[in-house]
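Reproduced below: target.cif, with mmCIF, C-alpha atoms and all ligand atoms.
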data_my_file
loop_
_atom_site.label_atom_id
_atom_site.label_comp_id
_atom_site.auth_asym_id
_atom_site.auth_seq_id
_atom_site.Cartn_x
_atom_site.Cartn_y
_atom_site.Cartn_z
CA MET A 11 -13.50 4.13 -32.54
CA GLU A 12 -11.92 7.27 -31.10
CA VAL A 13 -12.76 8.49 -27.60
CA SER A 14 -11.61 11.44 -25.56
CA ASN A 15 -9.72 9.83 -22.73
CA ARG A 16 -9.84 11.73 -19.44
CA TYR A 17 -6.86 11.27 -17.15
CA ILE A 18 -5.27 12.75 -14.03
CA THR A 19 -1.79 14.19 -14.03
CA ILE A 20 0.38 16.48 -11.91
CA LYS A 21 0.86 20.10 -12.96
CA THR A 22 4.21 20.41 -11.19
CA HIS A 23 6.45 18.21 -9.08
CA VAL A 24 5.08 17.67 -5.58
CA ASP A 25 7.63 18.33 -2.85
CA GLY A 26 5.84 18.28 0.50
CA ALA A 27 2.20 17.52 1.22
CA PRO A 28 0.10 17.00 -1.92
CA LYS A 29 -2.72 19.51 -2.56
CA GLU A 30 -5.61 19.57 -5.04
CA SER A 31 -3.81 22.40 -6.89
CA HIS A 32 -0.95 20.02 -7.79
CA PHE A 33 -3.28 17.93 -9.97
CA GLU A 34 -5.29 18.43 -13.12
CA LEU A 35 -7.72 16.45 -15.22
CA LYS A 36 -6.70 16.37 -18.86
CA THR A 37 -8.26 14.95 -22.00
CA ALA A 38 -6.64 13.42 -25.06
CA ALA A 39 -8.04 11.66 -28.12
CA LEU A 40 -7.43 7.91 -28.02
CA LEU A 41 -8.11 5.28 -30.68
CA LEU A 42 -9.67 2.22 -29.11
CA SER A 43 -7.72 -0.13 -31.36
CA ALA A 44 -4.19 -1.50 -31.12
CA GLU A 45 -1.72 0.09 -33.52
CA SER A 46 -1.11 -2.40 -36.30
CA GLY A 47 2.00 -4.51 -35.72
CA SER A 48 2.17 -3.49 -32.06
CA ASN A 49 1.58 -5.68 -29.01
CA ASP A 50 -0.40 -2.89 -27.35
CA VAL A 51 -3.39 -3.79 -25.20
CA ILE A 52 -6.13 -1.16 -24.89
CA VAL A 53 -7.79 -1.42 -21.50
CA LYS A 54 -10.92 0.21 -20.13
CA ASN A 55 -9.94 1.01 -16.55
CA LEU A 56 -12.38 -0.16 -13.87
CA TYR A 57 -10.55 0.30 -10.55
CA VAL A 58 -7.21 1.90 -9.65
CA SER A 59 -5.19 1.40 -6.53
CA ILE A 60 -4.26 4.55 -4.61
CA ASP A 61 -0.82 4.09 -3.05
CA PRO A 62 1.47 6.25 -0.90
CA TYR A 63 4.65 5.41 -2.90
CA GLN A 64 3.38 7.52 -5.81
CA ILE A 65 4.24 10.68 -3.83
CA ASN A 66 7.93 9.78 -4.06
CA ARG A 67 7.54 9.47 -7.85
CA MET A 68 6.00 12.97 -7.96
CA LYS A 69 8.94 14.67 -6.22
CA SER A 70 11.50 16.67 -8.17
CA GLN A 71 13.96 14.12 -6.83
CA SER A 72 13.95 11.08 -4.58
CA SER A 73 16.45 8.24 -4.19
CA SER A 74 13.54 5.83 -4.73
CA GLN A 75 13.14 7.02 -8.33
CA LYS A 76 16.37 5.32 -9.41
CA ALA A 77 15.90 2.17 -7.34
CA ILE A 78 13.44 0.10 -9.37
CA SER A 79 11.47 0.58 -12.58
CA PHE A 80 8.01 0.93 -11.02
CA SER A 81 9.16 3.85 -8.86
CA VAL A 82 10.58 6.05 -11.65
CA GLY A 83 9.80 9.76 -11.45
CA ILE A 84 6.58 11.13 -12.93
CA THR A 85 6.93 14.00 -15.39
CA PRO A 86 4.33 16.76 -14.90
CA GLY A 87 1.66 16.62 -17.60
CA GLU A 88 2.19 12.94 -18.36
CA ILE A 89 -0.29 10.21 -17.64
CA ILE A 90 0.38 8.43 -14.33
CA ASP A 91 0.66 4.66 -14.25
CA ALA A 92 -0.82 2.72 -11.36
CA TYR A 93 -1.88 -0.78 -10.46
CA GLY A 94 -5.48 -1.53 -11.29
CA VAL A 95 -8.17 -3.76 -12.74
CA GLY A 96 -9.59 -3.27 -16.22
CA LYS A 97 -11.23 -4.86 -19.21
CA VAL A 98 -9.55 -5.33 -22.58
CA VAL A 99 -11.26 -3.39 -25.36
CA ALA A 100 -8.73 -4.20 -28.10
CA SER A 101 -5.52 -6.19 -28.23
CA GLY A 102 -2.55 -6.56 -30.54
CA ASN A 103 -1.05 -8.96 -28.03
CA PRO A 104 -1.83 -12.66 -28.57
CA ARG A 105 -1.98 -13.19 -24.77
CA PHE A 106 -5.15 -11.09 -24.50
CA GLU A 107 -8.55 -10.91 -26.17
CA LYS A 108 -11.31 -8.33 -26.16
CA ASP A 109 -13.38 -8.51 -22.93
CA ASP A 110 -10.63 -10.22 -20.89
CA LEU A 111 -10.59 -8.98 -17.31
CA VAL A 112 -7.02 -7.93 -16.45
CA VAL A 113 -4.99 -6.76 -13.47
CA GLY A 114 -1.70 -4.92 -13.74
CA VAL A 115 -0.14 -1.56 -14.43
CA ILE A 116 -2.79 0.65 -16.01
CA THR A 117 -3.26 4.41 -15.55
CA TRP A 118 -5.06 7.11 -13.58
CA GLY A 119 -7.34 7.53 -16.59
CA GLU A 120 -10.43 6.13 -18.25
CA TYR A 121 -8.44 4.03 -20.72
CA SER A 122 -4.87 2.72 -20.80
CA VAL A 123 -2.58 1.72 -23.63
CA VAL A 124 -0.55 -1.06 -22.06
CA LYS A 125 2.75 -1.60 -23.85
CA GLU A 126 4.63 -4.88 -24.20
CA GLY A 127 6.78 -5.52 -21.12
CA THR A 128 4.37 -3.81 -18.71
CA ILE A 129 2.96 -6.04 -15.96
CA LEU A 130 -0.50 -7.15 -17.11
CA ASN A 131 -2.20 -10.47 -16.37
CA LYS A 132 -5.60 -11.99 -16.95
CA LEU A 133 -7.60 -11.77 -13.77
CA ASP A 134 -9.39 -14.76 -12.33
CA PRO A 135 -11.39 -13.17 -9.50
CA MET A 136 -11.67 -16.63 -7.81
CA GLY A 137 -15.15 -15.75 -6.58
CA PHE A 138 -13.95 -12.59 -4.81
CA PRO A 139 -14.76 -8.95 -5.67
CA GLN A 140 -12.38 -7.61 -8.33
CA THR A 141 -11.13 -4.98 -5.89
CA TYR A 142 -9.71 -7.65 -3.55
CA HIS A 143 -7.03 -8.22 -6.20
CA LEU A 144 -5.72 -4.71 -5.55
CA GLY A 145 -5.72 -5.06 -1.76
CA VAL A 146 -5.98 -8.20 0.31
CA LEU A 147 -5.12 -10.47 -2.66
CA GLY A 148 -2.86 -7.89 -4.35
CA PHE A 149 0.33 -6.04 -3.47
CA SER A 150 -0.93 -4.82 -0.07
CA GLY A 151 -1.57 -8.40 0.95
CA LEU A 152 1.72 -9.62 -0.49
CA SER A 153 3.62 -6.85 1.36
CA ALA A 154 1.95 -7.81 4.64
CA TYR A 155 2.40 -11.57 4.10
CA GLY A 156 5.98 -11.46 2.82
CA GLY A 157 7.01 -8.72 5.22
CA PHE A 158 5.66 -10.63 8.20
CA PHE A 159 6.61 -14.23 7.38
CA GLU A 160 9.76 -13.77 5.29
CA VAL A 161 11.30 -10.69 6.90
CA CYS A 162 10.08 -10.83 10.52
CA LYS A 163 10.41 -14.64 10.77
CA PRO A 164 7.90 -14.75 13.65
CA LYS A 165 7.65 -17.28 16.45
CA LYS A 166 4.31 -18.05 18.10
CA GLY A 167 3.66 -15.91 21.16
CA GLU A 168 5.97 -13.09 20.07
CA LYS A 169 4.84 -9.53 20.62
CA VAL A 170 4.17 -7.55 17.46
CA PHE A 171 3.63 -3.83 17.01
CA VAL A 172 2.13 -2.48 13.74
CA SER A 173 1.92 1.21 12.80
CA ALA A 174 -0.65 2.66 10.35
CA ALA A 175 -2.45 -0.46 11.50
CA SER A 176 -5.85 0.32 9.99
CA GLY A 177 -4.29 0.99 6.59
CA SER A 178 -4.20 -1.36 3.66
CA VAL A 179 -0.96 -3.18 4.53
CA GLY A 180 -1.07 -2.62 8.30
CA ASN A 181 -4.46 -4.21 8.96
CA LEU A 182 -3.45 -7.32 7.03
CA ASP A 183 -0.10 -7.59 8.77
CA GLY A 184 -1.90 -7.50 12.13
CA GLN A 185 -4.41 -10.11 10.99
CA TYR A 186 -1.66 -12.49 9.77
CA ALA A 187 0.21 -12.01 13.04
CA LYS A 188 -2.89 -12.82 15.12
CA LEU A 189 -3.76 -15.88 13.03
CA PHE A 190 -0.16 -17.08 13.44
CA GLY A 191 -0.41 -16.84 17.24
CA CYS A 192 1.35 -13.58 18.11
CA TYR A 193 0.27 -10.86 20.55
CA VAL A 194 -0.55 -7.83 18.38
CA VAL A 195 -0.94 -4.14 19.15
CA GLY A 196 -1.60 -1.57 16.43
CA CYS A 197 -1.63 2.19 16.36
CA ALA A 198 -3.79 4.37 14.14
CA GLY A 199 -4.89 7.98 13.87
CA SER A 200 -8.51 8.00 15.13
CA LYS A 201 -10.89 6.49 17.68
CA GLN A 202 -12.91 4.86 14.90
CA LYS A 203 -9.79 3.16 13.53
CA VAL A 204 -8.73 1.96 17.00
CA GLU A 205 -12.18 0.44 17.53
CA LEU A 206 -12.03 -1.33 14.17
CA LEU A 207 -8.68 -2.91 15.09
CA LYS A 208 -9.86 -4.15 18.48
CA GLU A 209 -13.45 -5.05 17.73
CA LYS A 210 -13.49 -6.29 14.13
CA LEU A 211 -9.94 -7.29 13.23
CA GLY A 212 -8.97 -9.16 16.40
CA PHE A 213 -5.99 -7.03 17.49
CA ASP A 214 -5.18 -7.62 21.18
CA ASP A 215 -4.93 -3.90 21.72
CA ALA A 216 -4.69 -0.64 19.80
CA PHE A 217 -4.18 3.04 20.48
CA ASN A 218 -4.52 6.43 18.81
CA TYR A 219 -0.96 7.70 18.40
CA LYS A 220 -2.25 11.27 17.94
CA GLU A 221 -3.36 11.28 21.58
CA GLU A 222 0.09 10.29 22.88
CA THR A 223 2.59 12.96 23.82
CA ASP A 224 5.45 10.51 24.41
CA LEU A 225 5.51 7.55 22.02
CA LYS A 226 8.31 5.76 23.89
CA SER A 227 6.35 5.64 27.13
CA ALA A 228 3.12 4.79 25.26
CA LEU A 229 4.82 1.71 23.80
CA LYS A 230 6.24 0.83 27.22
CA ARG A 231 2.63 0.81 28.51
CA TYR A 232 1.38 -1.43 25.72
CA PHE A 233 4.44 -3.70 25.77
CA PRO A 234 5.67 -3.88 29.40
CA ASN A 235 7.76 -6.94 28.40
CA GLY A 236 9.10 -5.42 25.18
CA ILE A 237 8.42 -5.70 21.44
CA ASP A 238 9.80 -8.63 19.41
CA ILE A 239 8.64 -7.48 15.97
CA TYR A 240 7.87 -3.99 14.71
CA PHE A 241 6.16 -3.76 11.30
CA ASP A 242 6.96 -0.18 10.32
CA ASN A 243 4.71 1.69 7.91
CA VAL A 244 5.45 5.13 9.32
CA GLY A 245 9.16 5.72 10.15
CA ALA A 246 10.48 8.77 12.07
CA GLU A 247 9.57 9.05 15.79
CA MET A 248 7.45 5.90 15.68
CA GLN A 249 10.42 3.84 14.56
CA GLU A 250 12.64 5.44 17.20
CA ALA A 251 10.08 4.66 19.93
CA ALA A 252 9.68 1.06 18.75
CA VAL A 253 13.46 0.46 18.67
CA ALA A 254 13.74 1.89 22.19
CA ASN A 255 11.22 -0.75 23.33
CA MET A 256 12.58 -3.74 21.40
CA ASN A 257 13.70 -6.96 23.03
CA ALA A 258 17.04 -8.59 22.26
CA PHE A 259 17.11 -10.02 18.73
CA GLY A 260 14.03 -7.96 17.81
CA ARG A 261 13.20 -7.42 14.15
CA VAL A 262 12.03 -4.21 12.51
CA ALA A 263 10.52 -4.81 9.06
CA VAL A 264 10.48 -1.46 7.28
CA CYS A 265 7.58 -1.62 4.83
CA GLY A 266 7.35 2.13 4.41
CA VAL A 267 7.96 5.45 6.16
CA ILE A 268 4.87 7.46 5.20
CA SER A 269 5.39 10.20 7.80
CA GLU A 270 8.69 11.05 6.07
CA TYR A 271 7.34 11.17 2.49
CA THR A 272 5.85 14.65 2.75
CA ASP A 273 8.34 16.14 5.22
CA ALA A 274 11.97 16.29 4.12
CA GLY A 275 13.01 17.29 7.65
CA LYS A 276 11.55 14.19 9.27
CA ARG A 277 13.87 11.18 9.54
CA ALA A 278 14.14 8.21 11.90
CA ALA A 279 17.23 8.28 14.07
CA PRO A 280 16.87 5.14 16.19
CA GLU A 281 19.31 4.73 19.06
CA MET A 282 22.04 2.71 17.38
CA LEU A 283 23.44 1.55 20.70
CA ASP A 284 20.12 -0.27 21.22
CA VAL A 285 20.49 -1.79 17.76
CA VAL A 286 24.00 -3.02 18.64
CA TYR A 287 23.52 -4.18 22.21
CA LYS A 288 20.08 -5.69 21.64
CA ARG A 289 21.21 -7.16 18.28
CA ILE A 290 18.17 -5.71 16.51
CA THR A 291 17.68 -6.29 12.78
CA ILE A 292 16.19 -3.39 10.78
CA ARG A 293 15.37 -4.53 7.26
CA GLY A 294 13.51 -2.88 4.41
CA PHE A 295 11.74 -4.83 1.69
CA LEU A 296 9.64 -4.47 -1.44
CA ALA A 297 6.54 -6.54 -2.21
CA ALA A 298 8.18 -7.57 -5.49
CA ASP A 299 10.78 -9.49 -3.42
CA PHE A 300 8.12 -12.03 -2.54
CA MET A 301 6.98 -13.27 -5.95
CA ASN A 302 8.45 -16.67 -4.97
CA VAL A 303 5.78 -17.02 -2.25
CA PHE A 304 2.95 -15.47 -4.30
CA ALA A 305 1.13 -18.81 -4.81
CA ASP A 306 1.33 -19.62 -1.05
CA PHE A 307 0.16 -16.11 -0.23
CA ILE A 308 -2.90 -16.41 -2.51
CA SER A 309 -3.90 -19.87 -1.31
CA THR A 310 -3.43 -19.06 2.41
CA THR A 311 -5.18 -15.70 2.18
CA SER A 312 -8.09 -16.88 0.05
CA ASP A 313 -8.66 -19.77 2.51
CA HIS A 314 -8.69 -17.31 5.43
CA LEU A 315 -11.14 -15.05 3.57
CA ARG A 316 -13.46 -17.94 2.71
CA THR A 317 -13.51 -19.25 6.28
CA GLY A 318 -14.07 -15.72 7.63
CA ASN A 319 -10.79 -15.79 9.61
CA MET A 320 -9.60 -12.71 7.73
CA GLN A 321 -11.48 -9.55 6.80
CA ALA A 322 -10.90 -7.38 3.75
CA VAL A 323 -11.16 -3.70 4.64
CA GLU A 324 -11.74 -1.51 1.60
CA ASP A 325 -12.35 2.19 1.10
CA ILE A 326 -13.68 2.79 -2.42
CA THR A 327 -14.46 6.22 -3.90
CA PRO A 328 -16.24 6.46 -7.25
CA GLY A 329 -15.11 8.79 -10.04
CA LEU A 330 -11.85 9.39 -11.89
CA GLU A 331 -12.00 13.08 -10.90
CA ASN A 332 -11.76 12.03 -7.23
CA ILE A 333 -8.32 10.41 -7.61
CA PRO A 334 -6.46 13.53 -6.36
CA SER A 335 -8.56 13.81 -3.18
CA ALA A 336 -8.34 10.05 -2.57
CA PHE A 337 -4.56 10.24 -2.93
CA ILE A 338 -4.18 13.38 -0.78
CA GLY A 339 -6.33 11.67 1.86
CA LEU A 340 -3.72 8.93 2.37
CA PHE A 341 -1.41 11.52 3.93
CA ARG A 342 -4.18 12.93 6.15
CA GLY A 343 -5.37 9.53 7.37
CA ASP A 344 -8.76 9.82 5.60
CA ASN A 345 -8.77 6.20 4.42
CA ILE A 346 -9.66 3.09 6.38
CA GLY A 347 -8.20 0.01 4.70
CA LYS A 348 -7.32 -0.29 1.02
CA LYS A 349 -7.95 2.96 -0.87
CA ILE A 350 -9.32 2.38 -4.35
CA VAL A 351 -11.01 4.63 -6.91
CA LYS A 352 -13.70 3.11 -9.08
CA ILE A 353 -13.43 4.53 -12.59
CA ALA A 354 -16.18 2.67 -14.45
CA ASP A 355 -18.57 -0.25 -14.47
CA GLU A 356 -17.69 -3.20 -16.65
N1 LIG B 401 7.52 -2.09 0.72
C1 LIG B 401 6.49 -2.26 -0.12
O1 LIG B 401 6.56 -3.00 -1.10
C2 LIG B 401 5.22 -1.53 0.17
C3 LIG B 401 4.02 -1.89 -0.47
C4 LIG B 401 2.85 -1.18 -0.13
C5 LIG B 401 2.90 -0.16 0.81
N2 LIG B 401 4.10 0.15 1.39
C6 LIG B 401 4.21 1.19 2.43
O2 LIG B 401 3.39 0.76 3.50
C7 LIG B 401 2.84 1.90 4.16
C8 LIG B 401 1.31 1.78 4.17
O3 LIG B 401 0.85 1.79 2.83
P1 LIG B 401 -0.67 1.48 2.51
O4 LIG B 401 -0.80 1.34 1.05
O5 LIG B 401 -1.13 0.37 3.39
O6 LIG B 401 -1.37 2.83 2.93
P2 LIG B 401 -2.47 3.01 4.05
O7 LIG B 401 -1.84 2.58 5.35
O8 LIG B 401 -3.73 2.36 3.63
O9 LIG B 401 -2.73 4.57 4.06
C9 LIG B 401 -1.86 5.45 4.64
C10 LIG B 401 -2.13 5.63 6.16
O10 LIG B 401 -0.93 6.07 6.77
C11 LIG B 401 -1.23 6.83 7.90
N3 LIG B 401 -0.43 8.06 7.90
C12 LIG B 401 -0.43 9.03 6.96
N4 LIG B 401 0.42 10.01 7.30
C13 LIG B 401 0.95 9.66 8.50
C14 LIG B 401 1.89 10.26 9.39
N5 LIG B 401 2.45 11.45 9.11
N6 LIG B 401 2.20 9.62 10.54
C15 LIG B 401 1.64 8.43 10.84
N7 LIG B 401 0.75 7.80 10.04
C16 LIG B 401 0.41 8.41 8.89
C17 LIG B 401 -2.71 7.18 7.85
O11 LIG B 401 -3.39 6.45 8.86
P3 LIG B 401 -3.55 7.03 10.37
O12 LIG B 401 -4.92 7.58 10.46
O13 LIG B 401 -3.33 5.82 11.19
O14 LIG B 401 -2.51 8.10 10.55
C18 LIG B 401 -3.15 6.71 6.47
O15 LIG B 401 -4.47 6.25 6.45
C19 LIG B 401 3.35 3.12 3.41
O16 LIG B 401 4.50 3.59 4.06
C20 LIG B 401 3.71 2.55 2.05
O17 LIG B 401 4.68 3.32 1.39
C21 LIG B 401 5.24 -0.50 1.07
#

Can you give me the file's structure in the form of structure tokens?
Ligand SMILES: NC(=O)c1ccc[n+]([C@@H]2O[C@H](COP(=O)([O-])OP(=O)(O)OC[C@H]3O[C@@H](n4cnc5c(N)ncnc54)[C@H](OP(=O)(O)O)[C@@H]3O)[C@@H](O)[C@H]2O)c1
Amino acid sequence: MEVSNRYITIKTHVDGAPKESHFELKTAALLLSAESGSNDVIVKNLYVSIDPYQINRMKSQSSSQKAISFSVGITPGEIIDAYGVGKVVASGNPRFEKDDLVVGVITWGEYSVVKEGTILNKLDPMGFPQTYHLGVLGFSGLSAYGGFFEVCKPKKGEKVFVSAASGSVGNLDGQYAKLFGCYVVGCAGSKQKVELLKEKLGFDDAFNYKEETDLKSALKRYFPNGIDIYFDNVGAEMQEAAVANMNAFGRVAVCGVISEYTDAGKRAAPEMLDVVYKRITIRGFLAADFMNVFADFISTTSDHLRTGNMQAVEDITPGLENIPSAFIGLFRGDNIGKKIVKIADE
């Protein structure tokens, strides 16, 4: 059967803040059968993950585009790949059969042709909503878990600061840190987000960074005895302020620097004398570094979810055509928790 597959693409490279006018919805005929002799898997897309790193793929150039295969540049007009959940409609690959539920690299479209060598796995929802496998049990969760336990190497009682703390990775990092026995303060961009952190997610304290005129003194107020661990999702001034408030042998785990993605002039310049004299470690990481702890991550996190010790915070918008606004919203702070677009029912 042939369908007309609707998909979202960029019209031009996006350098700066993304706008609706950068995106377009296109349509192309697609045969819902695997080309004979190919290992193609044809997937009906159900949910796609909306992630900040895609902006760096949309730029005319970014050092991230050459770093690793999943961050390669996106060519205007081409279909955009993204992590998601789908259902197999046809398969030339012996690993998959029609109607299998799958999770992996699909597209910002109604259907995906998944080529051999692309990450795609059968999905066992384990009794959880399918969307959890894009957030709390997916790469957001793995980034938070690996970033906190493997990179920060926490000790009980240490003081942890998390930025973009109500976001997909940030809220989970804070929850892991609390469950482990740390003192946790998060910052986020609205009153509603601050309340969520303190009242529902168990953070010891939280503040709205948009109301602070001096981030260094704000952090001094929240951490009078200094910060041991900073989980950085934001970069720039926030990273500088955190480093200025770090204790000796403090660790900064750089998960992402979202405030720098849409502003080429914005860069973190932490006081390097603090880094030297306080022997601070600043280390970046990628979720893919933690595949060796994936099984531990899934069993620990699913136990916490089942016992109610951890909450999954999701922000799901229906409709393929809403992918651009969902994506743009990440850079305006519209989302609370994991941003996902629902494309279709099973
Ligand atoms: N290393 C990895 O493997 C890996 C994996 C996943 C994500 N990441 C990174 O982790 C960070 C969070 O990603 P996520 O998927 O969890 O997204 P998210 O936090 O769910 O969404 C982005 C949030 O960032 C905040 N934000 C946007 N622009 C900002 C700015 N200029 N200054 C301060 N905060 C800003 C907004 O919240 P507020 O309302 O609080 O401003 C927004 O809701 C990103 O930097 C991302 O690139 C890295």

Problem set entry | Neighbour list for Thr19 of chain A as a ChimeraX atom specification, cut-off 7 Å, only C-alpha atoms, skip fewer than 3 positions in-chain | /A:33-35,86-90

Exercise. Hey, what's within 9 Å of Leu42 of chain A if we count only C-alpha atoms and toss same-chain stuff fewer than 3 positions away? As a PyMOL selection string, please?
Worked result: chain A and resi 11-13+52-53+99-100+121+123

Residues of segment 252-332 of chain A within 9 Å of segment 243-246 of chain A: nearest atom pair and distance (Å, one decimal) for each, counting all atoms listed in the file, sorted by chain and number, as CSV?
residue,atom,partner,partner_atom,distance
A:Ala263,CA,A:Asn243,CA,8.8
A:Val264,CA,A:Asn243,CA,6.6
A:Cys265,CA,A:Asn243,CA,5.4
A:Gly266,CA,A:Asn243,CA,4.4
A:Val267,CA,A:Val244,CA,4.0
A:Ile268,CA,A:Val244,CA,4.8
A:Ser269,CA,A:Val244,CA,5.3
A:Glu270,CA,A:Ala246,CA,6.7
A:Lys276,CA,A:Ala246,CA,6.2
A:Arg277,CA,A:Ala246,CA,4.9
A:Ala278,CA,A:Ala246,CA,3.7
A:Ala279,CA,A:Ala246,CA,7.1
A:Pro280,CA,A:Ala246,CA,8.4

Problem set entry | Residues near Asp238 of chain A, cut-off 8 Å, only C-alpha atoms, skip fewer than 6 positions along chain, as number ranges by chain | A: 168-170, 256-261

For this session: Find the residue from A:Lys220, A:Lys203, A:Lys21, A:Arg231 that sits nearest to Pro334 of chain A; use only C-alpha atoms when measuring.
Result: A:Lys21

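With all atoms listed in the file as the basis for measurement, A:Ser178 is the residue among A:Ser178, A:Ser335, A:Asn103, A:Ser173 that approaches ligand LIG 401 (chain B) most closely.
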
Exercise. Would you name the residues within 8 Å of ligand LIG 401 (chain B), counting only C-alpha atoms and all ligand atoms, and put them as number ranges by chain?
Worked result: A: 60-63, 149-150, 153, 173-181, 197-200, 203, 218-219, 242-245, 248, 264-270, 272, 294-298, 339-349

Exercise. So how many Å separate atom CA of Ile18 of chain A and atom CA of Lys108 of chain A, to one decimal?
Worked result: 25.1 Å

Problem set entry | From A:Ser309, A:Asn302, A:Asn235, A:Thr141, residue lying nearest Ile326 of chain A [all atoms listed in the file] | A:Thr141

Exercise. Please, which residues are within 8 Å of (15.2, 0.7, 13.1) by the file's coordinates, counting all atoms listed in the file, and could they come as JSON, numbers by chain?
Worked result: {"A": [249, 250, 252, 253, 262, 264, 278, 279, 280, 285, 290, 291, 292, 293]}

Exercise. So how many Å separate atom CA of Ile350 of chain A and atom CA of Glu30 of chain A, to one decimal?
Worked result: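 Answer for the atom CA of Ile350 of chain A to atom CA of Glu30 of chain A separation: 17.6 Å.
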
Seminar exercise, completed: Counting only C-alpha atoms, closest pick from A:Phe138, A:Phe213, A:Trp118, A:Tyr193 relative to Ile239 of chain A is A:Tyr193

For this session: Please write as JSON, numbers by chain the list of polymer residues whose atoms come within 10 Å of (0.7, -5.4, -19.9), counting all atoms listed in the file and keeping to the coordinates of the file.
Result: {"A": [49, 50, 51, 52, 53, 103, 105, 106, 112, 113, 114, 115, 116, 122, 123, 124, 125, 126, 127, 128, 129, 130, 131, 132]}
